[in-house]
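Visitor: So here's run-v9.cif (mmCIF, C-alpha atoms and all ligand atoms).
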data_model
loop_
_atom_site.label_atom_id
_atom_site.label_comp_id
_atom_site.auth_asym_id
_atom_site.auth_seq_id
_atom_site.Cartn_x
_atom_site.Cartn_y
_atom_site.Cartn_z
CA MET A 91 45.12 8.11 -11.51
CA SER A 92 43.41 5.32 -13.43
CA ALA A 93 41.26 6.31 -16.39
CA THR A 94 38.55 3.75 -15.63
CA HIS A 95 36.38 4.29 -12.62
CA THR A 96 34.74 1.35 -10.93
CA ALA A 97 32.17 1.93 -8.20
CA PRO A 98 34.01 1.71 -4.88
CA ALA A 99 33.26 -1.39 -2.84
CA ARG A 100 30.66 -0.35 -0.32
CA ASP A 101 30.47 -2.26 2.89
CA ARG A 102 29.33 0.74 4.90
CA LEU A 103 25.79 2.08 4.79
CA ARG A 104 25.21 5.80 4.35
CA ILE A 105 22.06 7.51 5.64
CA ALA A 106 21.12 11.10 4.79
CA ILE A 107 19.20 13.07 7.40
CA GLN A 108 18.25 16.73 7.73
CA LYS A 109 21.06 18.84 9.20
CA ASN A 110 18.81 21.47 10.78
CA GLY A 111 15.07 21.74 10.94
CA ARG A 112 12.01 19.87 12.05
CA LEU A 113 13.17 16.36 11.20
CA ALA A 114 16.80 16.66 12.31
CA GLU A 115 16.46 15.73 15.97
CA PRO A 116 13.74 13.06 15.75
CA ALA A 117 15.64 11.38 12.89
CA ARG A 118 18.85 11.23 14.91
CA ASN A 119 16.98 10.04 18.02
CA LEU A 120 15.36 7.24 16.06
CA LEU A 121 18.67 6.03 14.66
CA THR A 122 20.26 6.25 18.12
CA ALA A 123 17.39 4.16 19.53
CA CYS A 124 18.21 1.60 16.81
CA GLY A 125 21.65 1.23 18.40
CA LEU A 126 23.68 3.47 16.09
CA SER A 127 26.33 5.90 17.32
CA TRP A 128 28.78 8.16 15.52
CA ARG A 129 32.05 9.93 15.90
CA GLN A 130 31.13 13.53 15.04
CA SER A 131 33.35 15.00 12.34
CA ARG A 132 34.53 18.57 12.77
CA ASP A 133 32.48 20.07 9.96
CA LYS A 134 29.51 17.96 11.08
CA LEU A 135 28.39 17.16 7.53
CA PHE A 136 29.59 13.60 7.77
CA CYS A 137 29.36 11.46 10.90
CA TYR A 138 31.38 8.27 10.95
CA GLY A 139 29.49 5.30 12.43
CA GLU A 140 31.15 3.72 15.45
CA SER A 141 28.84 1.00 16.78
CA MET A 142 28.00 -0.23 13.27
CA PRO A 143 29.28 0.51 9.75
CA VAL A 144 26.51 3.07 9.23
CA ASP A 145 27.54 6.67 8.46
CA LEU A 146 25.39 9.80 8.47
CA LEU A 147 25.31 12.63 5.99
CA LEU A 148 23.73 15.83 7.34
CA VAL A 149 22.08 17.77 4.51
CA ARG A 150 19.09 19.91 3.50
CA ASP A 151 15.93 17.84 3.31
CA ASP A 152 15.41 18.83 -0.36
CA ASP A 153 18.68 17.10 -1.27
CA ILE A 154 17.84 13.74 0.30
CA PRO A 155 15.85 12.10 -2.55
CA GLY A 156 18.50 13.13 -5.10
CA LEU A 157 21.32 11.74 -2.95
CA ILE A 158 19.55 8.36 -2.92
CA ALA A 159 18.82 8.55 -6.66
CA ASP A 160 22.50 9.25 -7.37
CA GLY A 161 23.64 6.43 -5.09
CA VAL A 162 25.57 8.83 -2.85
CA CYS A 163 23.42 7.68 0.08
CA ASP A 164 21.59 4.39 0.54
CA LEU A 165 18.83 5.56 2.86
CA GLY A 166 17.34 8.89 3.92
CA ILE A 167 14.90 10.24 6.47
CA VAL A 168 12.70 12.79 4.77
CA GLY A 169 9.12 14.05 4.69
CA LEU A 170 6.85 12.03 2.41
CA ASN A 171 5.85 15.41 0.91
CA GLU A 172 9.41 16.01 -0.31
CA LEU A 173 9.94 12.43 -1.47
CA ASP A 174 6.64 12.33 -3.32
CA GLU A 175 7.21 15.74 -4.93
CA GLN A 176 10.58 14.71 -6.32
CA ALA A 177 9.30 11.27 -7.36
CA LYS A 178 6.42 12.86 -9.28
CA ALA A 179 8.75 15.45 -10.82
CA ARG A 180 10.98 12.59 -12.07
CA ARG A 181 7.98 10.81 -13.56
CA GLN A 182 6.78 14.00 -15.24
CA MET A 183 10.24 14.26 -16.83
CA GLY A 184 10.04 10.64 -17.98
CA LEU A 185 12.71 9.39 -15.55
CA ALA A 186 12.53 5.99 -13.85
CA ASP A 187 11.66 5.69 -10.15
CA ALA A 188 14.82 5.99 -8.06
CA TYR A 189 13.63 5.65 -4.47
CA GLN A 190 10.67 4.56 -2.41
CA PRO A 191 9.36 5.01 1.12
CA LEU A 192 10.26 1.92 3.17
CA ARG A 193 8.64 2.84 6.50
CA GLY A 194 6.46 5.60 7.94
CA LEU A 195 8.21 6.90 11.04
CA GLY A 196 5.40 8.50 13.03
CA PHE A 197 6.84 12.02 13.32
CA GLY A 198 6.88 15.17 11.16
CA ASP A 199 3.14 14.86 10.57
CA CYS A 200 1.64 17.51 8.31
CA ARG A 201 -0.71 17.78 5.34
CA LEU A 202 -0.28 19.30 1.92
CA MET A 203 -3.46 21.32 1.47
CA ILE A 204 -5.22 23.77 -0.79
CA ALA A 205 -5.92 26.99 1.15
CA ILE A 206 -8.15 29.77 -0.11
CA PRO A 207 -8.84 33.34 1.10
CA GLU A 208 -11.03 33.30 4.21
CA GLU A 209 -13.85 35.20 2.51
CA TRP A 210 -14.25 32.63 -0.28
CA GLN A 211 -16.89 29.90 -0.08
CA TRP A 212 -15.40 26.48 -0.89
CA SER A 213 -17.68 24.75 -3.37
CA GLY A 214 -15.34 21.95 -4.46
CA VAL A 215 -12.38 21.29 -6.70
CA GLN A 216 -14.01 22.72 -9.81
CA MET A 217 -13.88 26.24 -8.39
CA LEU A 218 -10.08 26.14 -8.91
CA GLN A 219 -10.65 26.26 -12.69
CA GLY A 220 -8.61 29.10 -14.21
CA LYS A 221 -7.11 30.19 -10.88
CA ARG A 222 -3.43 30.85 -10.05
CA ILE A 223 -2.14 28.57 -7.29
CA ALA A 224 1.16 29.30 -5.51
CA THR A 225 3.10 26.29 -4.21
CA SER A 226 6.51 24.75 -3.49
CA TYR A 227 5.06 21.40 -4.55
CA PRO A 228 4.39 21.91 -8.28
CA ALA A 229 4.67 18.25 -9.32
CA ILE A 230 2.18 16.97 -6.70
CA LEU A 231 -0.16 19.88 -7.44
CA ARG A 232 -0.02 19.37 -11.24
CA HIS A 233 -0.65 15.65 -10.83
CA TRP A 234 -3.63 16.32 -8.57
CA LEU A 235 -5.09 19.02 -10.84
CA GLN A 236 -4.83 16.65 -13.77
CA GLU A 237 -6.52 13.83 -11.83
CA ASN A 238 -9.36 16.21 -11.07
CA ALA A 239 -9.54 17.60 -14.62
CA VAL A 240 -8.90 21.15 -13.42
CA GLN A 241 -7.03 23.65 -15.59
CA ALA A 242 -5.21 26.06 -13.29
CA GLN A 243 -1.96 27.99 -13.36
CA VAL A 244 0.74 26.65 -11.02
CA VAL A 245 2.89 29.48 -9.61
CA GLU A 246 6.10 27.89 -8.34
CA LEU A 247 7.62 29.54 -5.24
CA SER A 248 10.43 28.21 -3.07
CA GLY A 249 9.23 29.81 0.15
CA SER A 250 6.76 32.20 1.83
CA VAL A 251 3.99 30.73 -0.27
CA GLU A 252 1.34 31.91 2.17
CA ILE A 253 1.83 35.60 1.36
CA ALA A 254 1.37 35.14 -2.41
CA PRO A 255 -2.38 35.91 -2.41
CA LYS A 256 -1.77 39.12 -0.46
CA LEU A 257 0.98 40.12 -2.88
CA GLY A 258 -1.31 39.37 -5.80
CA THR A 259 1.05 36.81 -7.37
CA ALA A 260 -1.54 34.05 -6.91
CA ASP A 261 -5.22 33.65 -6.03
CA LEU A 262 -4.73 30.81 -3.56
CA ILE A 263 -2.06 28.42 -2.34
CA CYS A 264 -1.15 24.75 -1.93
CA ASP A 265 1.13 24.37 1.09
CA LEU A 266 2.04 22.28 4.13
CA VAL A 267 -0.25 22.70 7.11
CA SER A 268 0.16 21.38 10.62
CA SER A 269 -1.61 23.65 13.11
CA GLY A 270 -3.10 26.04 10.55
CA ALA A 271 -1.81 29.08 12.50
CA THR A 272 0.33 30.37 9.60
CA LEU A 273 -2.65 30.20 7.25
CA ALA A 274 -4.93 31.99 9.71
CA ALA A 275 -2.32 34.73 10.19
CA ASN A 276 -2.49 35.30 6.42
CA GLN A 277 -6.31 35.23 6.21
CA LEU A 278 -6.34 31.87 4.45
CA LYS A 279 -8.29 28.71 5.26
CA PRO A 280 -7.42 25.09 4.40
CA VAL A 281 -10.13 23.38 2.35
CA GLN A 282 -8.74 20.29 0.65
CA THR A 283 -5.97 17.75 1.44
CA LEU A 284 -3.68 16.55 -1.37
CA LEU A 285 -1.32 14.47 0.77
CA ASP A 286 -1.18 13.22 4.37
CA SER A 287 2.51 13.36 5.16
CA GLU A 288 4.92 12.14 7.83
CA ALA A 289 8.65 11.50 7.94
CA VAL A 290 9.58 8.29 6.13
CA LEU A 291 12.64 6.13 5.77
CA ALA A 292 13.38 6.27 2.06
CA GLY A 293 15.50 3.69 0.27
CA PRO A 294 16.42 2.37 -3.14
CA VAL A 295 13.81 0.73 -5.38
CA ARG A 296 15.89 -2.42 -5.68
CA GLU A 297 17.43 -4.37 -2.78
CA LEU A 298 21.19 -3.95 -2.46
CA SER A 299 23.02 -7.23 -2.90
CA ASP A 300 26.20 -6.37 -0.97
CA ALA A 301 26.77 -5.92 2.78
CA ARG A 302 24.56 -2.84 2.75
CA GLY A 303 21.48 -4.98 2.01
CA GLY A 304 22.01 -6.86 5.27
CA LEU A 305 22.53 -3.62 7.18
CA ILE A 306 19.28 -2.20 5.80
CA ALA A 307 17.40 -5.38 6.78
CA MET A 308 18.81 -5.18 10.30
CA LEU A 309 17.88 -1.51 10.63
CA LEU A 310 14.33 -2.17 9.42
CA ARG A 311 13.93 -5.01 11.96
CA ARG A 312 15.08 -2.75 14.77
CA MET A 313 12.76 0.05 13.65
CA ASP A 314 9.82 -2.34 13.52
CA GLY A 315 10.74 -3.62 16.98
CA LEU A 316 10.84 -0.08 18.32
CA ALA A 317 7.49 0.80 16.78
CA GLN A 318 5.98 -2.27 18.39
CA GLU A 319 7.47 -1.53 21.82
CA GLN A 320 6.15 2.03 21.66
CA ALA A 321 2.72 0.70 20.81
CA THR A 322 2.73 -1.74 23.74
CA LYS A 323 1.48 -0.69 27.19
CA LEU A 324 0.93 -2.56 30.42
CA LEU A 325 -2.44 -1.90 32.01
CA SER A 326 -2.64 -2.63 35.71
CA PHE A 327 -5.85 -2.43 37.82
CA ARG A 328 -7.90 -3.93 40.62
CA ALA A 329 -11.49 -5.11 40.21
CA PRO A 330 -14.10 -7.48 41.67
CA GLY A 331 -13.58 -10.97 40.18
CA GLU A 332 -17.04 -11.04 38.58
CA ARG A 333 -16.31 -7.83 36.61
CA LEU A 334 -13.11 -9.13 34.96
CA ASP A 335 -14.71 -10.57 31.80
CA ALA A 336 -16.65 -7.38 31.10
CA LEU A 337 -13.52 -5.29 31.66
CA VAL A 338 -11.36 -7.39 29.33
CA ALA A 339 -14.07 -7.03 26.67
CA LEU A 340 -13.50 -3.25 26.78
CA LEU A 341 -9.85 -3.68 25.75
CA ASN A 342 -9.92 -4.38 22.03
CA ASP A 343 -6.35 -5.54 21.48
CA ALA A 344 -5.12 -6.85 24.83
CA GLY A 345 -3.02 -9.90 25.60
CA PRO A 346 -4.18 -12.47 28.17
CA LEU A 347 -5.23 -11.06 31.53
CA VAL A 348 -2.86 -12.07 34.33
CA GLN A 349 -4.37 -12.28 37.84
CA LEU A 350 -1.80 -11.52 40.52
CA GLY A 351 -3.90 -12.35 43.59
CA GLU A 352 -6.87 -11.12 45.57
CA ARG A 353 -7.15 -8.75 48.51
CA ASP A 354 -10.19 -7.12 50.14
CA GLY A 355 -12.48 -8.76 47.54
CA LEU A 356 -10.58 -7.20 44.63
CA VAL A 357 -8.40 -9.04 42.13
CA GLN A 358 -5.10 -7.38 41.20
CA ALA A 359 -4.75 -7.88 37.42
CA GLN A 360 -2.69 -6.76 34.46
CA ALA A 361 -2.70 -7.09 30.67
CA LEU A 362 -0.45 -6.05 27.79
CA CYS A 363 -2.28 -3.72 25.41
CA ARG A 364 -1.45 -2.81 21.83
CA GLY A 365 -2.07 0.70 20.57
CA THR A 366 -2.94 3.69 22.70
CA LEU A 367 -5.57 3.88 25.38
CA THR A 368 -7.15 7.31 25.63
CA TRP A 369 -8.24 9.07 28.83
CA GLN A 370 -11.84 8.36 27.84
CA GLN A 371 -11.17 4.64 27.50
CA LEU A 372 -9.49 4.52 30.90
CA GLU A 373 -12.39 6.42 32.49
CA GLU A 374 -14.85 4.02 30.89
CA PHE A 375 -12.77 1.17 32.29
CA GLU A 376 -13.11 2.71 35.75
CA ARG A 377 -16.87 3.14 35.39
CA ALA A 378 -17.10 -0.55 34.44
CA GLY A 379 -15.71 -1.52 37.86
CA ALA A 380 -11.91 -1.18 37.78
CA CYS A 381 -9.95 0.84 40.34
CA ASN A 382 -6.27 1.77 40.79
CA VAL A 383 -5.99 1.89 36.97
CA VAL A 384 -2.41 2.56 35.84
CA LEU A 385 -1.07 2.42 32.27
CA TYR A 386 2.68 1.76 32.04
CA SER A 387 4.90 2.05 28.98
CA VAL A 388 6.92 -1.04 28.09
CA GLU A 389 10.68 -0.81 27.72
CA ARG A 390 11.40 -4.27 26.30
CA SER A 391 9.07 -7.20 25.75
CA LEU A 392 9.52 -10.79 24.65
CA ALA A 393 5.82 -11.47 25.22
P1 LIG A 401 16.00 22.60 5.02
O1 LIG A 401 16.89 23.65 5.53
O2 LIG A 401 16.48 21.22 5.39
O3 LIG A 401 15.66 22.72 3.57
P2 LIG A 401 13.15 23.15 5.41
O4 LIG A 401 12.89 24.55 5.85
O5 LIG A 401 12.87 22.76 4.01
O6 LIG A 401 14.64 22.76 5.86
P3 LIG A 401 11.57 22.17 7.67
O7 LIG A 401 10.74 23.39 7.83
O8 LIG A 401 12.53 21.80 8.75
O9 LIG A 401 12.32 22.12 6.26
O10 LIG A 401 10.56 20.96 7.43
C1 LIG A 401 11.02 19.68 7.19
C2 LIG A 401 9.84 18.76 7.01
O11 LIG A 401 9.05 18.76 8.20
C3 LIG A 401 8.83 19.11 5.94
O12 LIG A 401 9.26 18.74 4.65
C4 LIG A 401 7.62 18.32 6.38
O13 LIG A 401 7.75 16.97 5.98
C5 LIG A 401 7.72 18.37 7.90
N1 LIG A 401 6.74 19.29 8.54
C6 LIG A 401 5.95 19.02 9.59
N2 LIG A 401 5.17 20.05 9.92
C7 LIG A 401 5.45 21.03 9.07
C8 LIG A 401 4.96 22.36 8.91
N3 LIG A 401 4.02 22.88 9.68
N4 LIG A 401 5.52 23.11 7.93
C9 LIG A 401 6.49 22.63 7.16
N5 LIG A 401 6.96 21.37 7.27
C10 LIG A 401 6.45 20.56 8.20
ZN ZN A 402 14.00 22.11 2.59
#
Starting from the coordinates I provided, produce the structure as structure tokens.
Ligand code: ATP
Ligand code: ZN
Guide:
Amino acid sequence: MSATHTAPARDRLRIAIQKNGRLAEPARNLLTACGLSWRQSRDKLFCYGESMPVDLLLVRDDDIPGLIADGVCDLGIVGLNELDEQAKARRQMGLADAYQPLRGLGFGDCRLMIAIPEEWQWSGVQMLQGKRIATSYPAILRHWLQENAVQAQVVELSGSVEIAPKLGTADLICDLVSSGATLAANQLKPVQTLLDSEAVLAGPVRELSDARGGLIAMLLRRMDGLAQEQATKLLSFRAPGERLDALVALLNDAGPLVQLGERDGLVQAQALCRGTLTWQQLEEFERAGACNVVLYSVERSLA
């Protein structure tokens, strides 16, 4: 074996995703929708890309930022909470930034929040002065406490943070919240958000100059295309001709209205809409004179 090691030529892209857990399936579905497919390896830790030179590494979410920092993987799909925690921990240790979020992915939504015992009255950040706060996110919490000039003790726990107040190891907690049910079950209430989180595509801080750079650019374009398709809907309805202008005015981000003909005094019309239309908006549309209102999702669009 040679004594000198040169970095192996990398013309394949490697993406780390969660093996099991909340982000595992949506991450895989997203990459599949981007046209990727894999030959599953037997141990299922490494999946060899078939349709494109893009391989998957299936790991614990906590390991994903470090794998990117070490150059073992080029991209990762991970909660912003985890990425931000490890980025802040690096900074607090004086290390250079090693990764960055490239895109928000619209799933895995949750918030990192301060939660206090139900019987406490929340009177603002200053009431945390001198308290013991249990968390699995010590770097984000320390950074936030410092920003708010609060001196508090950070009690670092790797799991089951929500039972710390009951056990007496902390006075309150800083933890991820989605529905709030876990907090309520432990007689805690969320009072303050530190971070609004979602799953993100994380990548290197500098663009890669070899073939992997091109693969990343292609993947980002496909993800952006997907996000746009998902946000596009086709609204179809019938309405009296003289109501059309008023109806279009109700749609804030619609493309041009297409009239498909008239029958029984009603014009059949349709328009491409960006963003979501709520039930309330559709009902308002109906009250303004539209009937047979149907909202379709769009599979592909060159409009
Ligand atoms: P692993 O075995 O990979 O370490 P884990 O137990 O750390 O798994 P999960 O519970 O699967 O991780 O959560 C993964 C991510 O899902 C979180 O980091 C967060 O970004 C997101 N998430 C969304 N809602 C919640 C929630 N209610 N509680 C925890 N995480 C949530
Ligand atoms: Zn984890």
Visitor: Mind dumping a table of every chain A residue within 6 Å of ligand LIG 401 (chain A), with the nearest atom pair and its distance in Å to one decimal, using only C-alpha atoms and all ligand atoms, sorted by chain and rising number, as JSON lines?
Guide:
{"residue": "A:Gln108", "atom": "CA", "partner": "A:LIG401", "partner_atom": "O2", "distance": 5.4}
{"residue": "A:Asn110", "atom": "CA", "partner": "A:LIG401", "partner_atom": "O2", "distance": 5.9}
{"residue": "A:Gly111", "atom": "CA", "partner": "A:LIG401", "partner_atom": "O8", "distance": 3.4}
{"residue": "A:Arg112", "atom": "CA", "partner": "A:LIG401", "partner_atom": "O8", "distance": 3.9}
{"residue": "A:Leu113", "atom": "CA", "partner": "A:LIG401", "partner_atom": "C1", "distance": 5.6}
{"residue": "A:Arg150", "atom": "CA", "partner": "A:LIG401", "partner_atom": "O2", "distance": 3.5}
{"residue": "A:Asp151", "atom": "CA", "partner": "A:LIG401", "partner_atom": "O2", "distance": 4.0}
{"residue": "A:Asp152", "atom": "CA", "partner": "A:LIG401", "partner_atom": "O3", "distance": 5.5}
{"residue": "A:Gly169", "atom": "CA", "partner": "A:LIG401", "partner_atom": "O13", "distance": 3.5}
{"residue": "A:Asn171", "atom": "CA", "partner": "A:LIG401", "partner_atom": "O13", "distance": 5.6}
{"residue": "A:Glu172", "atom": "CA", "partner": "A:LIG401", "partner_atom": "O12", "distance": 5.7}
{"residue": "A:Gly198", "atom": "CA", "partner": "A:LIG401", "partner_atom": "C6", "distance": 4.3}
{"residue": "A:Asp199", "atom": "CA", "partner": "A:LIG401", "partner_atom": "C6", "distance": 5.1}
{"residue": "A:Cys200", "atom": "CA", "partner": "A:LIG401", "partner_atom": "N2", "distance": 4.6}
{"residue": "A:Leu266", "atom": "CA", "partner": "A:LIG401", "partner_atom": "N4", "distance": 5.2}
{"residue": "A:Val267", "atom": "CA", "partner": "A:LIG401", "partner_atom": "N3", "distance": 5.0}
{"residue": "A:Ser268", "atom": "CA", "partner": "A:LIG401", "partner_atom": "N3", "distance": 4.2}
{"residue": "A:Glu288", "atom": "CA", "partner": "A:LIG401", "partner_atom": "O13", "distance": 5.9}
{"residue": "A:Ala289", "atom": "CA", "partner": "A:LIG401", "partner_atom": "O13", "distance": 5.9}
Visitor: So that I can see what lies close to Gly345 (chain A), please list as a PyMOL selection string the residues with an atom at most 7 Å from it, counting all atoms listed in the file and leaving out residues fewer than 6 positions away in the same chain.
Guide: chain A and resi 361-363
Visitor: Can you work out the spacing between CA of Cys124 (chain A) and CA of Met142 (chain A) in Å, to one decimal?
Guide: 10.6 Å
Visitor: Can you pull out every residue within 7 Å of region 126-138 of chain A, counting only C-alpha atoms, but drop anything in the same chain fewer than 5 positions away, and send it as a list in words?
Guide: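 Here the answer would be Leu121, Asp145, Leu146, Leu147 and Leu148 of chain A.
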Visitor: Include C-alpha atoms and write out the residues we just selected as a PDB file, in the coordinates of the input.
Guide:
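Result file follows (again.pdb):
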ATOM      1  CA  LEU A 121      18.670   6.030  14.660  1.00  0.00           C
ATOM      2  CA  ASP A 145      27.540   6.670   8.460  1.00  0.00           C
ATOM      3  CA  LEU A 146      25.390   9.800   8.470  1.00  0.00           C
ATOM      4  CA  LEU A 147      25.310  12.630   5.990  1.00  0.00           C
ATOM      5  CA  LEU A 148      23.730  15.830   7.340  1.00  0.00           C
TER       6      LEU A 148
END
Visitor: Take CA of Pro228 (chain A) and CA of Glu246 (chain A) and report the distance between them in Å, one decimal.
Guide: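 For CA of Pro228 (chain A) relative to CA of Glu246 (chain A), the distance reads 6.2 Å.
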Visitor: May I have the residues within 12 Å of Asn119 (chain A) as a ChimeraX atom specification, using all atoms listed in the file and disregarding those fewer than 4 positions away in the same chain?
Guide: /A:107,113-115,123-127,167,195,197,313,316
Visitor: One decimal, in Å: what's the spacing between CA of Ser326 (chain A) and CA of Leu367 (chain A)?
Guide: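 According to the coordinates, CA of Ser326 (chain A) and CA of Leu367 (chain A) are separated by 12.6 Å.
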Visitor: Counting only C-alpha atoms and all ligand atoms, figure out which residue out of A:Leu157, A:Leu372, A:Val168, A:Ala106 gets nearest to ligand ZN 402 (chain A).
Guide: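 Checking each candidate against ligand ZN 402 (chain A), we get A:Val168 as the closest.
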Visitor: Which of these, A:Ser248, A:Gln243, A:Gln371, A:Asn382, has the shortest distance to ligand ZN 402 (chain A) once you count all atoms listed in the file?
Guide: A:Ser248
Visitor: Just give me the residues with any atom within 12 Å of (24.6, 7.4, -2.3), file coordinates, counting only C-alpha atoms, written as a ChimeraX atom specification.
Guide: /A:97-98,100,102-106,145-147,153-166,188-189,293-294,298,302
Visitor: Write out as a PyMOL selection string each polymer residue whose atoms come within 12 Å of region 250-256 of chain A, counting only C-alpha atoms; drop sequence neighbours fewer than 5 positions from it.
Guide: chain A and resi 203-208+221-228+244-245+261-267+270-280
Visitor: With distances taken over all atoms listed in the file, which of A:Gln282, A:Ala321, A:Val240, A:Asp101 is nearest to Ser299 (chain A)?
Guide: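 Result for the nearest residue to Ser299 (chain A): A:Asp101.
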Visitor: Tell me which of A:Glu389, A:Glu237, A:Glu175, A:Glu140 sits closest to Thr122 (chain A), counting all atoms listed in the file.
Guide: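 Once distances to Thr122 (chain A) are computed over all atoms listed in the file, the minimum belongs to A:Glu140.
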Visitor: Using only C-alpha atoms, which residues sit within 9 Å of region 346-348 of chain A once same-chain residues fewer than 6 positions away are excluded, as a ChimeraX atom specification?
Guide: /A:334,338,358-362
Visitor: I'd like to know which of A:Val357, A:Val290, A:Ala336, A:Arg180 is closest to Pro116 (chain A), using only C-alpha atoms.
Guide: A:Val290
Visitor: Of the candidates A:Ala339, A:Phe375, A:His233, A:Trp210, which shows the shortest atom-to-atom distance to Arg181 (chain A), using all atoms listed in the file?
Guide: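 Comparing A:Ala339, A:Phe375, A:His233, A:Trp210 against Arg181 (chain A), the winner is A:His233.
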Visitor: If you take every atom of region 113-121 of chain A that the file lists and fit an axis-aligned box around them with 3 Å extra on each side, what centre and edge lengths come out in Å to one decimal, as lines of an AutoDock Vina configuration file?
Guide:
center_x = 16.0
center_y = 11.3
center_z = 14.6
size_x = 11.7
size_y = 16.6
size_z = 12.8
